[in-house]
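**Student:** My questions all concern the structure below.
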Amino acid sequence: MNSSNEIPLEEERLPSLVPPYIAALFSLLIPGVGQIFGRAYQRGFVLLGSFITSVGLFFWRVMEEGRRGEDLLEKFQKAFTLNSTLIVIAVLIGILYLWIIVDAYLIAKQTKTNPLGILFLVLAVFFIIGWQIGEINPVALVSDLDEAADPLSRVIWPWSRAVTYPEELVIAEVDIQVPCTDDPPPELPPETPGLPYISVDPTCGSLSDQDGTVGSELTIRGKNFDPGEKVTIRWEDPIGNEFRQRQEGAYVTPIPDEDGTFEQKIIMPYRLLPPSATADFYIWELKAEQVASVGAPEASVELKLAVEKIIETIFIGMMATFFGVIIALPVSFIAARNLMSASKLTLVLYYLVRGLMNIVRSIEPLIWAVIALIVVGLGPFAGILALTIHSVAALAKLYSEAIESIDPGPIEAIQATGANWAQIVMYGVVPQIIPPFVSFTIYRWDINIRMSTIIGMVGGGGIGFVLMQWIRLLDYRAAGIAIWFITITVAILDYVSAEIRERFV
Amino acid sequence: MLEIRNLTKVYDDGTVALKNVSFKVEDGEFLIIIGLSGSGKSTLLRCINRLIDPTEGDIIWDGVNLAKLEGEELRKARRKIGMIFQHFNLVKRSSVMTNVLSGRLGYTPTTQSLLHRFSKKDQKNAWEALTRLGIEDQAHKRADELSGGQQQRVGIARALMMDPELILADEPVASLDPVLAHSILNYLEKLNQEDGMTIVCSLHYLDLVQRYSTRVLGLRDGKLVYGGTREQIRSMTDEEFKEIYGEEAQRVTEGLEGSLEEIE
C-alpha cells in the first residue's frame with residue numbers, strides 16, 4: 001500500500017540478462033561487463049571506464065618509477081621499493097576488482113545495493129594516483145623554510161630597495177718615497193679644513209722583499225672621514241698600477257671613529273721592481289678612499305622603473321578595453337540571435353561569428369600575447385593586441401546576450417510609430433542595453449588591468465616584464481616592489497570598478 | 001474606412017492564427033474584438049499595422065492595401081495608425097517625455113532623431129498630450145517609476161503624438177484594475193467621440209464591451225464567429241456566447257451584465 005511512497009535507492013531494473021554467477025564471471029574477465037549484462041548499464045560503464053583508467057595510470061606510474069629495471073618484474077620491484085604508495089594503489093585496485101565482481105553478482109541477483117561504497121573506492125584510487133602525478137609534497141612547504149625565509153621577507157617588505165643615497169668617492173693621498181735615502185722624504189700635503197686628510201709617518205720606507213725582509217711600518221692617521229664607513233687603503237706605484245694594501249691575508253679597511261678619524265699601522269707590501277728600475281728611489285702614492293653618501297635619499301632605479309611600468313600596465317589595460325569595446329559593439333549585434341534570425345543568411349553569419357568568438361575566447365590572453373609578439377615584437381603593443389582580441393570575444397558574448405535578453409515590447413511599439421530601422425535601434429534597443437553594456441565594459445576593464453599585470457611575463461609589456469626579470473635575477477626586493485605595486489593597483493581598480501558599476505546599474 | 005479581406009496568418013511553426021477573416025470598420029467606429037486568449041485577437045491587430053506580416057489577404061485602409069506595402073511606404077502608412085499595448089511597451093529606462101516624443105519618430109528625419117532633437121511643435125504637442133491625460137508632472141520621471149495606469153496613459157500619449165486616424169488597442173486594460181480600466185477606456189471613448197478617431201480594441205470583459213463598443217466582433221480559433229452592434233450584444237444568446245468562448249465557458253450573470261469566467 002505504501003510502496004508508492006517509498007523512495008527507491010535506484011531505478012527499477014528489468015531482470016538480469018544472465019544468471020548471477022555468469023555476471024560475476026563476466027566482471028571477473030572484464031570488470032563492469034557483468035553489471036552491463038545485469039542491466040545496470042550506467043554503473044557498468046562507469047566502473048569499466050574507471051577501472052581501465054586507474055589500471056592504465058597505475059602502469060604508467062610503475063613504468064615511470066621503475067624505468068631502470070631490465071624486465072617487467074624488475075621494473076615492478078624497483079617501482080615498489082622506490083615508491084611504496086604504488087603498493088597502496090595496487091592493493092586498492094585489487095579490492096576494487098573484487099568488489100566489482102561481487103557487485104555484478106548482487107546486481108544480477110536483483111539485490112538492492114548502494115553504489116556509494118564502490119564509488120568512494122574509485123574516488124580514493126584516483127585521489128592517490130592524482131597525489132602521485134601532482135608530486136604533491138606538503139613537507140616542501142616547511143622543509144626549506146629557513147632558506148626561503150630571507151628572500152620571502154625581501155619580497156614582503158622590499159622598501160629598502162626603493163631608495164638610494166647618492167654616493168661620492170673621497171680620496172686622500174700622500175707621496176711615499178721608496179726606499180728611504182739621504183734625500184729628505186716627501187712632505188705631507190697641505191691640509192684643507194673639512195676635507196678628508198691623511199698623514200703618514202714616516203713618508204719613506206722600503207718594500208717587503210722576497211727573501212723575507214719585512215717592509216717598513218708606516219702609521220696612517222686619517223681625519224675628516226665619514227664615521228663608521230669603511231676606508232680602503234690603496235697604493236699606486238710609479239707607473240700608475242694600483243693595488244690594495246693587504247695585511248695578514250685581508251684587505252686593510254680601517255673604520256673611522258665618531259670624530260671621523262682613524263689610525264692604521266701598515267707594513268709596506270712586497271712588490272717586485274723591474275730590472276729597469278735603477279733610480280735611487282721612486283715616489284709611490286698611498287691613498288685612503290671612502291665611499292661617502294652625500295645629500296638626501298633618492299628614488300631608486302627599480303622604484304622609478306616600477307612606477308613607469310605600472311603606468312604602462314594601466315594604459316595597456318585601458319587601451320585594450322577601448323579597442324575591445326569599439327570592435328565588440330558591432331560584432332555583438334551580429335552575434336545576437338534575436339537580431340539575426342530573420343533570414344537563413346544572417347543566421348549562418350550568426351553561427352559563424354558565435355563559433356569564432358567561442359574559439360577566440362577559449363585561448364587565454366597570455367597565449368594570444370605570445371602569438372601577437374611574433375607579429376609585432378616585444379613590448380606593450382603585443383600586450384594590447386592580445387588583450388584586445390580576448391576582450392572582443394568576451395565582450396561580444398556578454399553584449400550579445402544583453403541584446404538577446406531585451407524586451408521586444410518597446411521595439412514593437414517604436415516600430416508601430418512608423419520609425420525606421422535606425423530609429424528603432426536608437427529608441428527601442430539602445431536605452432535597454434546601455435546599463436548592461438556599461439556594467440560589462442567596466443567589468444572587462446577590471447579584468448584587462450589584472451591581465452595586463454602578468455601579460456608582460458611573456459613579453460607583452462607592462463610591469464610583468466620587469467617583475468619576471470627581477471625574479472630571474474634573484475632581485476627579490478625589486479620583485480617585491482613590483483608585486484606591491486600590482487597588488488595596490490588591482491585593489492584600487494577593483495574598488496573603483498565596483499563603485500562605478502553600483503552607481504550605473 | 002478599414003476593410004479586411006480574407007486575412008489568413010500561419011506562423012512558421014504551423015500555427016494557424018487567423019483563418020480567412022473579413023470585416024469592415026467604418027470611420028468613427030469603436031470596434032471591440034472579443035475572444036479567448038489565443039483566439040487570434042493580437043495577431044489580427046498586429047496584422048493591420050503590419051507588425052506581423054499576414055500570410056494571405058488584403059488590408060485596405062483609405063484605399064491603400066497595407067498588406068502589399070513595403071519599406072518607406074509602409075512606415076508612412078503606419079504613422080496614421082496609433083497602437084496601445086497590454087503591457088504598455090514603454091522604454092522603461094527612458095523618461096516619460098522621451099517615450100511620448102518617440103511617437104513622432106515617423107515624422108522626424110533620422111539624423112535629427114538620432115540626436116534626440118524634436119521640433120518645438122512636437123515638444124509643445126507632447127506637453128499638451130501629457131496634460132490632456134493628466135500626467136504632465138511626471139514628464140521627467142523614468143517610465144518604470146510610474147504606476148500601471150500612468151504608464152498606459154503615457155502609451156496613449158505616445159499614440160496621440162502620431163496624430164492618428166486609427167488606434168489599435170491590444171487588450172489595453174488587461175493589466176489594470178477595474179477602476180483604471182474604466183478611466184483608460186474613457187480616454188479612448190473621448191478620442192473616439194471628440195476627435196473622431198476610429199478605434200479597434202481587443203478586450204476580455206463583456207461589461208466593458210457593452211459599455212464602450214459601437215460594434216463587436218468575436219474571434220474563436222482564428223475564425224470570425226460573431227458580429228453584432230452594441231444593442232445586439234446586450235441580447236447575446238447563450239448559443240452565441242458559447243460560440244465565442246466555447247462549450248466550457250459559463251456566463252456568471254445572464255444578459256446585460258454578462259461576464260466571463262472559465263470553469264474547469
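We name chains A, B, ... following the order of the C-alpha cells; residues begin at 1 in each chain, and ligands are numbered from 1 as shown.
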Give me, as number ranges by chain, all polymer residues having an atom no more than 7 Å from region 216-230 of chain A, counting only C-alpha atoms and skipping those fewer than 2 positions away in the same chain.
**Tutor:** A: 194-202, 205-207, 214, 232, 253-268, 290, 292
**Student:** Would you return as a PyMOL selection string the members of region 49-260 of chain A that DSSP assigns to alpha helix (DSSP H) on this structure's backbone?
**Tutor:** chain A and resi 49-65+72-82+85-108+116-133+140-143+145-156
**Student:** Those residues with C-alpha atoms, as a PDB file, in the first residue's frame please?
**Tutor:**
ATOM      1  CA  GLY A  49      35.809   3.151 -17.521  1.00  0.00           C
ATOM      2  CA  SER A  50      37.247   3.958 -14.135  1.00  0.00           C
ATOM      3  CA  PHE A  51      38.823   0.519 -13.730  1.00  0.00           C
ATOM      4  CA  ILE A  52      40.585   0.697 -17.107  1.00  0.00           C
ATOM      5  CA  THR A  53      41.705   4.280 -16.448  1.00  0.00           C
ATOM      6  CA  SER A  54      43.057   3.573 -12.987  1.00  0.00           C
ATOM      7  CA  VAL A  55      44.899   0.442 -14.107  1.00  0.00           C
ATOM      8  CA  GLY A  56      46.356   2.338 -17.055  1.00  0.00           C
ATOM      9  CA  LEU A  57      47.516   5.217 -14.860  1.00  0.00           C
ATOM     10  CA  PHE A  58      48.918   2.750 -12.338  1.00  0.00           C
ATOM     11  CA  PHE A  59      51.023   1.021 -15.014  1.00  0.00           C
ATOM     12  CA  TRP A  60      52.263   4.351 -16.300  1.00  0.00           C
ATOM     13  CA  ARG A  61      53.430   5.336 -12.800  1.00  0.00           C
ATOM     14  CA  VAL A  62      55.117   1.938 -12.327  1.00  0.00           C
ATOM     15  CA  MET A  63      56.953   2.232 -15.668  1.00  0.00           C
ATOM     16  CA  GLU A  64      57.964   5.755 -14.724  1.00  0.00           C
ATOM     17  CA  GLU A  65      59.308   4.849 -11.280  1.00  0.00           C
ATOM     18  CA  LEU A  72      58.729  -6.077 -16.303  1.00  0.00           C
ATOM     19  CA  LEU A  73      59.166  -7.913 -12.999  1.00  0.00           C
ATOM     20  CA  GLU A  74      62.257  -5.939 -12.142  1.00  0.00           C
ATOM     21  CA  LYS A  75      60.503  -2.715 -13.040  1.00  0.00           C
ATOM     22  CA  PHE A  76      57.698  -3.580 -10.643  1.00  0.00           C
ATOM     23  CA  GLN A  77      60.199  -4.447  -7.916  1.00  0.00           C
ATOM     24  CA  LYS A  78      62.077  -1.196  -8.396  1.00  0.00           C
ATOM     25  CA  ALA A  79      58.904   0.853  -8.512  1.00  0.00           C
ATOM     26  CA  PHE A  80      57.505  -0.732  -5.353  1.00  0.00           C
ATOM     27  CA  THR A  81      60.789  -0.306  -3.499  1.00  0.00           C
ATOM     28  CA  LEU A  82      61.240   3.306  -4.576  1.00  0.00           C
ATOM     29  CA  THR A  85      52.482   4.419  -2.285  1.00  0.00           C
ATOM     30  CA  LEU A  86      52.254   2.399  -5.501  1.00  0.00           C
ATOM     31  CA  ILE A  87      51.688  -0.692  -3.345  1.00  0.00           C
ATOM     32  CA  VAL A  88      48.726   1.039  -1.726  1.00  0.00           C
ATOM     33  CA  ILE A  89      47.321   1.847  -5.153  1.00  0.00           C
ATOM     34  CA  ALA A  90      47.835  -1.745  -6.310  1.00  0.00           C
ATOM     35  CA  VAL A  91      46.004  -3.060  -3.234  1.00  0.00           C
ATOM     36  CA  LEU A  92      43.136  -0.600  -3.708  1.00  0.00           C
ATOM     37  CA  ILE A  93      42.774  -1.563  -7.369  1.00  0.00           C
ATOM     38  CA  GLY A  94      42.730  -5.217  -6.282  1.00  0.00           C
ATOM     39  CA  ILE A  95      39.955  -4.513  -3.796  1.00  0.00           C
ATOM     40  CA  LEU A  96      38.082  -2.571  -6.462  1.00  0.00           C
ATOM     41  CA  TYR A  97      38.406  -5.523  -8.846  1.00  0.00           C
ATOM     42  CA  LEU A  98      36.979  -7.972  -6.307  1.00  0.00           C
ATOM     43  CA  TRP A  99      34.261  -5.545  -5.290  1.00  0.00           C
ATOM     44  CA  ILE A 100      33.161  -5.124  -8.913  1.00  0.00           C
ATOM     45  CA  ILE A 101      32.830  -8.911  -9.256  1.00  0.00           C
ATOM     46  CA  VAL A 102      30.735  -9.171  -6.081  1.00  0.00           C
ATOM     47  CA  ASP A 103      28.715  -6.151  -7.214  1.00  0.00           C
ATOM     48  CA  ALA A 104      27.973  -7.795 -10.569  1.00  0.00           C
ATOM     49  CA  TYR A 105      26.745 -10.917  -8.768  1.00  0.00           C
ATOM     50  CA  LEU A 106      24.494  -8.896  -6.462  1.00  0.00           C
ATOM     51  CA  ILE A 107      23.097  -6.793  -9.286  1.00  0.00           C
ATOM     52  CA  ALA A 108      22.280  -9.816 -11.395  1.00  0.00           C
ATOM     53  CA  LEU A 116      28.168   4.903  -2.778  1.00  0.00           C
ATOM     54  CA  GLY A 117      30.754   2.486  -1.325  1.00  0.00           C
ATOM     55  CA  ILE A 118      32.160   1.397  -4.661  1.00  0.00           C
ATOM     56  CA  LEU A 119      32.167   4.993  -5.959  1.00  0.00           C
ATOM     57  CA  PHE A 120      34.075   6.059  -2.869  1.00  0.00           C
ATOM     58  CA  LEU A 121      36.689   3.371  -3.570  1.00  0.00           C
ATOM     59  CA  VAL A 122      37.053   4.531  -7.181  1.00  0.00           C
ATOM     60  CA  LEU A 123      37.447   8.084  -5.951  1.00  0.00           C
ATOM     61  CA  ALA A 124      40.100   7.012  -3.416  1.00  0.00           C
ATOM     62  CA  VAL A 125      42.134   5.290  -6.157  1.00  0.00           C
ATOM     63  CA  PHE A 126      42.030   8.372  -8.351  1.00  0.00           C
ATOM     64  CA  PHE A 127      42.886  10.602  -5.399  1.00  0.00           C
ATOM     65  CA  ILE A 128      46.048   8.674  -4.573  1.00  0.00           C
ATOM     66  CA  ILE A 129      47.095   8.463  -8.244  1.00  0.00           C
ATOM     67  CA  GLY A 130      46.464  12.200  -8.553  1.00  0.00           C
ATOM     68  CA  TRP A 131      48.631  12.797  -5.497  1.00  0.00           C
ATOM     69  CA  GLN A 132      51.420  10.856  -7.236  1.00  0.00           C
ATOM     70  CA  ILE A 133      51.085  12.605 -10.603  1.00  0.00           C
ATOM     71  CA  ALA A 140      58.274  21.020   0.925  1.00  0.00           C
ATOM     72  CA  LEU A 141      56.143  23.743   2.445  1.00  0.00           C
ATOM     73  CA  VAL A 142      58.230  23.698   5.604  1.00  0.00           C
ATOM     74  CA  SER A 143      61.432  21.753   4.866  1.00  0.00           C
ATOM     75  CA  LEU A 145      61.594  27.374   5.240  1.00  0.00           C
ATOM     76  CA  ASP A 146      64.756  28.742   6.838  1.00  0.00           C
ATOM     77  CA  GLU A 147      66.328  29.223   3.419  1.00  0.00           C
ATOM     78  CA  ALA A 148      63.144  30.629   1.918  1.00  0.00           C
ATOM     79  CA  ALA A 149      62.526  32.997   4.799  1.00  0.00           C
ATOM     80  CA  ASP A 150      65.153  35.509   3.738  1.00  0.00           C
ATOM     81  CA  PRO A 151      64.058  36.022   0.090  1.00  0.00           C
ATOM     82  CA  LEU A 152      60.432  35.885   1.216  1.00  0.00           C
ATOM     83  CA  SER A 153      60.970  38.631   3.748  1.00  0.00           C
ATOM     84  CA  ARG A 154      62.586  40.691   0.995  1.00  0.00           C
ATOM     85  CA  VAL A 155      59.551  40.201  -1.218  1.00  0.00           C
ATOM     86  CA  ILE A 156      57.165  41.038   1.593  1.00  0.00           C
TER      87      ILE A 156
END
**Student:** Residues of chain A that have any atom at most 6 Å from an atom of chain B: could you tabulate them with the shortest-distance atom pair and the distance in Å to one decimal, using only C-alpha atoms, ordered by chain and increasing number, as a Markdown table?
**Tutor:**
| residue | atom | partner | partner_atom | distance |
| --- | --- | --- | --- | --- |
| A:Gly409 | CA | B:Asn89 | CA | 4.7 |
| A:Pro410 | CA | B:Asn89 | CA | 4.4 |
| A:Thr417 | CA | B:Arg79 | CA | 5.5 |
| A:Gly418 | CA | B:Arg75 | CA | 4.3 |
| A:Ala419 | CA | B:Gly106 | CA | 4.6 |
**Student:** Write the residues of the preceding selection, restricted to C-alpha atoms, as a short mmCIF file (atom, residue, chain, number, x, y, z; two decimals), in the first residue's frame.
**Tutor:**
data_model
loop_
_atom_site.label_atom_id
_atom_site.label_comp_id
_atom_site.auth_asym_id
_atom_site.auth_seq_id
_atom_site.Cartn_x
_atom_site.Cartn_y
_atom_site.Cartn_z
CA GLY A 409 7.64 45.16 -26.43
CA PRO A 410 9.13 48.66 -26.71
CA THR A 417 5.05 54.67 -34.84
CA GLY A 418 6.48 54.38 -38.35
CA ALA A 419 10.09 54.66 -37.18
#
**Student:** Rank B:Ile32, B:Met97, B:Ile135, B:Gln123 by their smallest atom-to-atom distance to Gly228 (chain B), using only C-alpha atoms, and report the top residue only.
**Tutor:**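 With only C-alpha atoms as the atom set, the closest residue is B:Ile32.
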**Student:** Which neighbours of region 243-249 of chain A fall inside 7 Å, counting only C-alpha atoms, when residues of the same chain fewer than 6 positions from it are skipped, and could you give them as a ChimeraX atom specification?
**Tutor:** /A:233-236
**Student:** Find the residues around Ile34 (chain B) up to 7 Å (only C-alpha atoms counted), leave out those fewer than 4 positions away in its own chain, and share them as a list in words.
**Tutor:**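 Here the answer would be Ser202, Leu203, His204, Leu217, Gly218 and Leu219 of chain B.
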**Student:** Using only C-alpha atoms, determine which residues lie at most 9 Å from region 366-373 of chain A, disregarding the query and same-chain residues fewer than 5 positions distant; provide the list as a PyMOL selection string.
**Tutor:** chain A and resi 378-379+381-387+389-390+451+454-460
**Student:** I need the residues from that last selection saved to file as a compact mmCIF listing (two decimals), in the first residue's frame (with all heavy atoms), if you can.
**Tutor:**
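This went into result_8.txt:
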# COMPACT_ATOMS: atom_id res chain seq x y z
N LEU A 378 58.32 42.36 -29.19
CA LEU A 378 58.15 42.58 -27.75
C LEU A 378 57.61 43.98 -27.49
O LEU A 378 57.82 44.89 -28.28
CB LEU A 378 59.50 42.45 -27.05
CG LEU A 378 60.10 41.05 -26.93
CD1 LEU A 378 61.49 41.16 -26.35
CD2 LEU A 378 59.23 40.18 -26.05
N GLY A 379 56.95 44.11 -26.37
CA GLY A 379 56.55 45.46 -25.97
C GLY A 379 55.07 45.57 -25.70
O GLY A 379 54.31 44.62 -25.89
N PHE A 381 52.61 46.96 -27.17
CA PHE A 381 51.63 46.80 -28.25
C PHE A 381 51.17 45.34 -28.36
O PHE A 381 49.99 45.07 -28.58
CB PHE A 381 52.22 47.29 -29.58
CG PHE A 381 51.23 47.28 -30.71
CD1 PHE A 381 49.93 47.74 -30.54
CD2 PHE A 381 51.60 46.79 -31.96
CE1 PHE A 381 49.03 47.73 -31.59
CE2 PHE A 381 50.70 46.77 -33.01
CZ PHE A 381 49.41 47.23 -32.82
N ALA A 382 52.10 44.42 -28.18
CA ALA A 382 51.73 43.00 -28.22
C ALA A 382 50.72 42.68 -27.13
O ALA A 382 49.74 41.97 -27.37
CB ALA A 382 52.97 42.13 -28.06
N GLY A 383 50.96 43.25 -25.93
CA GLY A 383 50.02 43.03 -24.83
C GLY A 383 48.65 43.61 -25.14
O GLY A 383 47.63 42.98 -24.89
N ILE A 384 48.65 44.82 -25.71
CA ILE A 384 47.38 45.45 -26.05
C ILE A 384 46.62 44.60 -27.07
O ILE A 384 45.43 44.35 -26.93
CB ILE A 384 47.62 46.88 -26.59
CG1 ILE A 384 48.13 47.77 -25.48
CG2 ILE A 384 46.34 47.46 -27.19
CD1 ILE A 384 48.54 49.16 -25.92
N LEU A 385 47.35 44.13 -28.08
CA LEU A 385 46.71 43.28 -29.10
C LEU A 385 46.09 42.04 -28.47
O LEU A 385 44.93 41.72 -28.74
CB LEU A 385 47.76 42.85 -30.13
CG LEU A 385 47.97 43.75 -31.33
CD1 LEU A 385 48.96 43.10 -32.27
CD2 LEU A 385 46.67 44.02 -32.05
N ALA A 386 46.88 41.37 -27.63
CA ALA A 386 46.40 40.12 -27.03
C ALA A 386 45.15 40.37 -26.21
O ALA A 386 44.14 39.65 -26.35
CB ALA A 386 47.49 39.52 -26.17
N LEU A 387 45.19 41.40 -25.37
CA LEU A 387 44.03 41.68 -24.52
C LEU A 387 42.84 42.14 -25.35
O LEU A 387 41.69 41.84 -25.02
CB LEU A 387 44.39 42.72 -23.47
CG LEU A 387 45.32 42.23 -22.38
CD1 LEU A 387 45.69 43.36 -21.44
CD2 LEU A 387 44.66 41.11 -21.59
N ILE A 389 42.08 41.20 -28.44
CA ILE A 389 41.48 40.03 -29.09
C ILE A 389 40.58 39.29 -28.10
O ILE A 389 39.43 38.98 -28.39
CB ILE A 389 42.58 39.10 -29.64
CG1 ILE A 389 43.30 39.78 -30.80
CG2 ILE A 389 42.00 37.76 -30.07
CD1 ILE A 389 44.59 39.08 -31.21
N HIS A 390 41.11 39.06 -26.91
CA HIS A 390 40.33 38.33 -25.93
C HIS A 390 39.12 39.14 -25.47
O HIS A 390 38.03 38.61 -25.27
CB HIS A 390 41.20 37.95 -24.74
CG HIS A 390 40.65 36.82 -23.95
ND1 HIS A 390 40.00 37.02 -22.76
CD2 HIS A 390 40.61 35.50 -24.18
CE1 HIS A 390 39.61 35.85 -22.30
NE2 HIS A 390 39.96 34.91 -23.14
N MET A 451 44.92 41.38 -16.08
CA MET A 451 45.67 40.56 -17.04
C MET A 451 46.93 41.28 -17.49
O MET A 451 47.96 40.66 -17.72
CB MET A 451 44.81 40.24 -18.27
CG MET A 451 43.75 39.20 -18.05
SD MET A 451 44.40 37.66 -17.40
CE MET A 451 45.57 37.24 -18.68
N ILE A 454 50.25 40.68 -15.76
CA ILE A 454 51.05 39.47 -15.98
C ILE A 454 51.38 39.23 -17.44
O ILE A 454 52.19 38.38 -17.77
CB ILE A 454 50.38 38.20 -15.38
CG1 ILE A 454 49.00 38.02 -15.94
CG2 ILE A 454 50.38 38.27 -13.89
CD1 ILE A 454 48.48 36.61 -15.73
N ILE A 455 50.72 40.02 -18.34
CA ILE A 455 50.95 39.76 -19.76
C ILE A 455 52.41 40.05 -20.13
O ILE A 455 52.94 39.50 -21.08
CB ILE A 455 49.95 40.58 -20.63
CG1 ILE A 455 49.75 39.91 -21.99
CG2 ILE A 455 50.43 42.00 -20.84
CD1 ILE A 455 48.35 39.50 -22.22
N GLY A 456 53.06 40.90 -19.33
CA GLY A 456 54.47 41.21 -19.57
C GLY A 456 55.38 40.02 -19.33
O GLY A 456 56.51 39.99 -19.82
N MET A 457 54.92 39.04 -18.58
CA MET A 457 55.77 37.88 -18.29
C MET A 457 56.16 37.13 -19.55
O MET A 457 57.19 36.47 -19.60
CB MET A 457 55.04 36.93 -17.35
CG MET A 457 54.89 37.53 -15.98
SD MET A 457 54.20 36.36 -14.83
CE MET A 457 54.28 37.35 -13.34
N VAL A 458 55.29 37.22 -20.58
CA VAL A 458 55.65 36.57 -21.84
C VAL A 458 56.20 37.60 -22.83
O VAL A 458 56.45 37.27 -23.98
CB VAL A 458 54.46 35.81 -22.46
CG1 VAL A 458 54.06 34.66 -21.58
CG2 VAL A 458 53.29 36.74 -22.70
N GLY A 459 56.35 38.84 -22.39
CA GLY A 459 56.95 39.85 -23.26
C GLY A 459 55.97 40.87 -23.78
O GLY A 459 56.26 41.57 -24.73
N GLY A 460 54.81 40.94 -23.17
CA GLY A 460 53.77 41.84 -23.68
C GLY A 460 53.79 43.23 -23.06
O GLY A 460 52.82 43.93 -23.13
**Student:** Could you tell me, as JSON, numbers by chain, which residues of region 102-231 of chain A DSSP assigns to strand (DSSP E) when given the backbone?
**Tutor:** {"A": [163, 164, 167, 168, 169, 170, 171, 172, 173, 174, 175, 176, 177, 178, 197, 198, 199, 200, 201, 217, 218, 219, 220, 221, 222, 223, 231]}
**Student:** Give me, please, the distance in Å between CA of Leu180 (chain B) and CA of Gly148 (chain B), quoted to one decimal.
**Tutor:**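 Spanning CA of Leu180 (chain B) to CA of Gly148 (chain B) is a straight-line distance of 8.8 Å.
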**Student:** I want to know what sits within 8 Å of Gly227 (chain B), based on only C-alpha atoms, with residues of the same chain fewer than 2 positions away left out; could you give that as JSON, numbers by chain?
**Tutor:** {"B": [215, 216, 217, 218, 224, 225, 229]}
**Student:** Print the selection's residues with all heavy atoms to a file, as a CSV table (one decimal), in the first residue's frame.
**Tutor:**
chain,number,residue,atom,x,y,z
B,215,ARG,N,-19.5,48.5,-31.9
B,215,ARG,CA,-19.7,47.2,-32.6
B,215,ARG,C,-18.8,46.2,-32.0
B,215,ARG,O,-17.7,46.5,-31.5
B,215,ARG,CB,-19.4,47.4,-34.1
B,215,ARG,CG,-20.1,46.3,-35.0
B,215,ARG,CD,-20.4,46.9,-36.4
B,215,ARG,NE,-19.1,47.2,-37.1
B,215,ARG,CZ,-18.5,46.3,-37.9
B,215,ARG,NH1,-19.0,45.1,-37.9
B,215,ARG,NH2,-17.4,46.6,-38.5
B,216,VAL,N,-19.2,44.9,-32.1
B,216,VAL,CA,-18.4,43.9,-31.5
B,216,VAL,C,-18.1,42.7,-32.5
B,216,VAL,O,-19.1,42.4,-33.3
B,216,VAL,CB,-19.1,43.3,-30.3
B,216,VAL,CG1,-18.2,42.2,-29.6
B,216,VAL,CG2,-19.4,44.4,-29.3
B,217,LEU,N,-16.9,42.2,-32.6
B,217,LEU,CA,-16.6,41.0,-33.3
B,217,LEU,C,-16.1,40.0,-32.4
B,217,LEU,O,-15.4,40.3,-31.4
B,217,LEU,CB,-15.5,41.3,-34.4
B,217,LEU,CG,-15.9,42.3,-35.5
B,217,LEU,CD1,-14.6,42.5,-36.4
B,217,LEU,CD2,-17.0,41.8,-36.3
B,218,GLY,N,-16.5,38.7,-32.7
B,218,GLY,CA,-16.0,37.6,-31.8
B,218,GLY,C,-15.1,36.7,-32.6
B,218,GLY,O,-15.4,36.3,-33.7
B,224,LEU,N,-13.7,34.3,-37.5
B,224,LEU,CA,-14.7,35.3,-37.1
B,224,LEU,C,-16.0,34.5,-36.8
B,224,LEU,O,-16.6,33.9,-37.7
B,224,LEU,CB,-14.9,36.3,-38.2
B,224,LEU,CG,-15.3,37.7,-37.8
B,224,LEU,CD1,-14.3,38.3,-36.7
B,224,LEU,CD2,-15.3,38.6,-39.0
B,225,VAL,N,-16.5,34.5,-35.5
B,225,VAL,CA,-17.6,33.7,-35.2
B,225,VAL,C,-18.8,34.6,-34.7
B,225,VAL,O,-19.9,34.1,-34.5
B,225,VAL,CB,-17.3,32.7,-34.1
B,225,VAL,CG1,-16.4,31.6,-34.6
B,225,VAL,CG2,-16.8,33.3,-32.9
B,229,THR,N,-23.9,44.7,-33.1
B,229,THR,CA,-23.8,46.0,-32.6
B,229,THR,C,-23.9,46.1,-31.1
B,229,THR,O,-24.1,45.0,-30.5
B,229,THR,CB,-24.9,46.9,-33.2
B,229,THR,OG1,-26.2,46.3,-32.7
B,229,THR,CG2,-24.9,46.9,-34.7
**Student:** Taking 6 positions as the minimum chain separation for residues in the same chain, which residues sit within 10 Å of His182 (chain B) when counting only C-alpha atoms? Answer as a ChimeraX atom specification.
**Tutor:** /B:173,176,188,208,211-212
**Student:** Write the residues of the preceding selection, restricted to N, CA, C and O atoms, as a PDB file, in the first residue's frame.
**Tutor:**
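The result, written out as selection_5.pdb:
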ATOM      1  N   VAL B 173      -6.429  47.222 -21.167  1.00  0.00           N
ATOM      2  CA  VAL B 173      -6.703  47.322 -19.730  1.00  0.00           C
ATOM      3  C   VAL B 173      -6.526  45.979 -19.021  1.00  0.00           C
ATOM      4  O   VAL B 173      -6.835  45.863 -17.842  1.00  0.00           O
ATOM      5  N   LEU B 176      -4.628  46.138 -15.777  1.00  0.00           N
ATOM      6  CA  LEU B 176      -5.020  47.204 -14.848  1.00  0.00           C
ATOM      7  C   LEU B 176      -6.231  46.782 -14.025  1.00  0.00           C
ATOM      8  O   LEU B 176      -6.987  45.881 -14.410  1.00  0.00           O
ATOM      9  N   LEU B 188     -10.132  56.558 -24.363  1.00  0.00           N
ATOM     10  CA  LEU B 188     -10.290  56.075 -25.733  1.00  0.00           C
ATOM     11  C   LEU B 188     -11.654  56.510 -26.287  1.00  0.00           C
ATOM     12  O   LEU B 188     -11.769  56.893 -27.455  1.00  0.00           O
ATOM     13  N   LEU B 208     -17.299  45.730 -19.993  1.00  0.00           N
ATOM     14  CA  LEU B 208     -16.622  46.851 -20.648  1.00  0.00           C
ATOM     15  C   LEU B 208     -17.021  46.924 -22.113  1.00  0.00           C
ATOM     16  O   LEU B 208     -17.208  48.018 -22.664  1.00  0.00           O
ATOM     17  N   ARG B 211     -20.304  48.563 -22.435  1.00  0.00           N
ATOM     18  CA  ARG B 211     -20.272  49.973 -22.051  1.00  0.00           C
ATOM     19  C   ARG B 211     -19.647  50.846 -23.168  1.00  0.00           C
ATOM     20  O   ARG B 211     -20.120  51.943 -23.428  1.00  0.00           O
ATOM     21  N   TYR B 212     -18.624  50.369 -23.836  1.00  0.00           N
ATOM     22  CA  TYR B 212     -17.855  51.264 -24.702  1.00  0.00           C
ATOM     23  C   TYR B 212     -18.011  51.024 -26.198  1.00  0.00           C
ATOM     24  O   TYR B 212     -17.760  51.922 -26.987  1.00  0.00           O
TER      25      TYR B 212
END
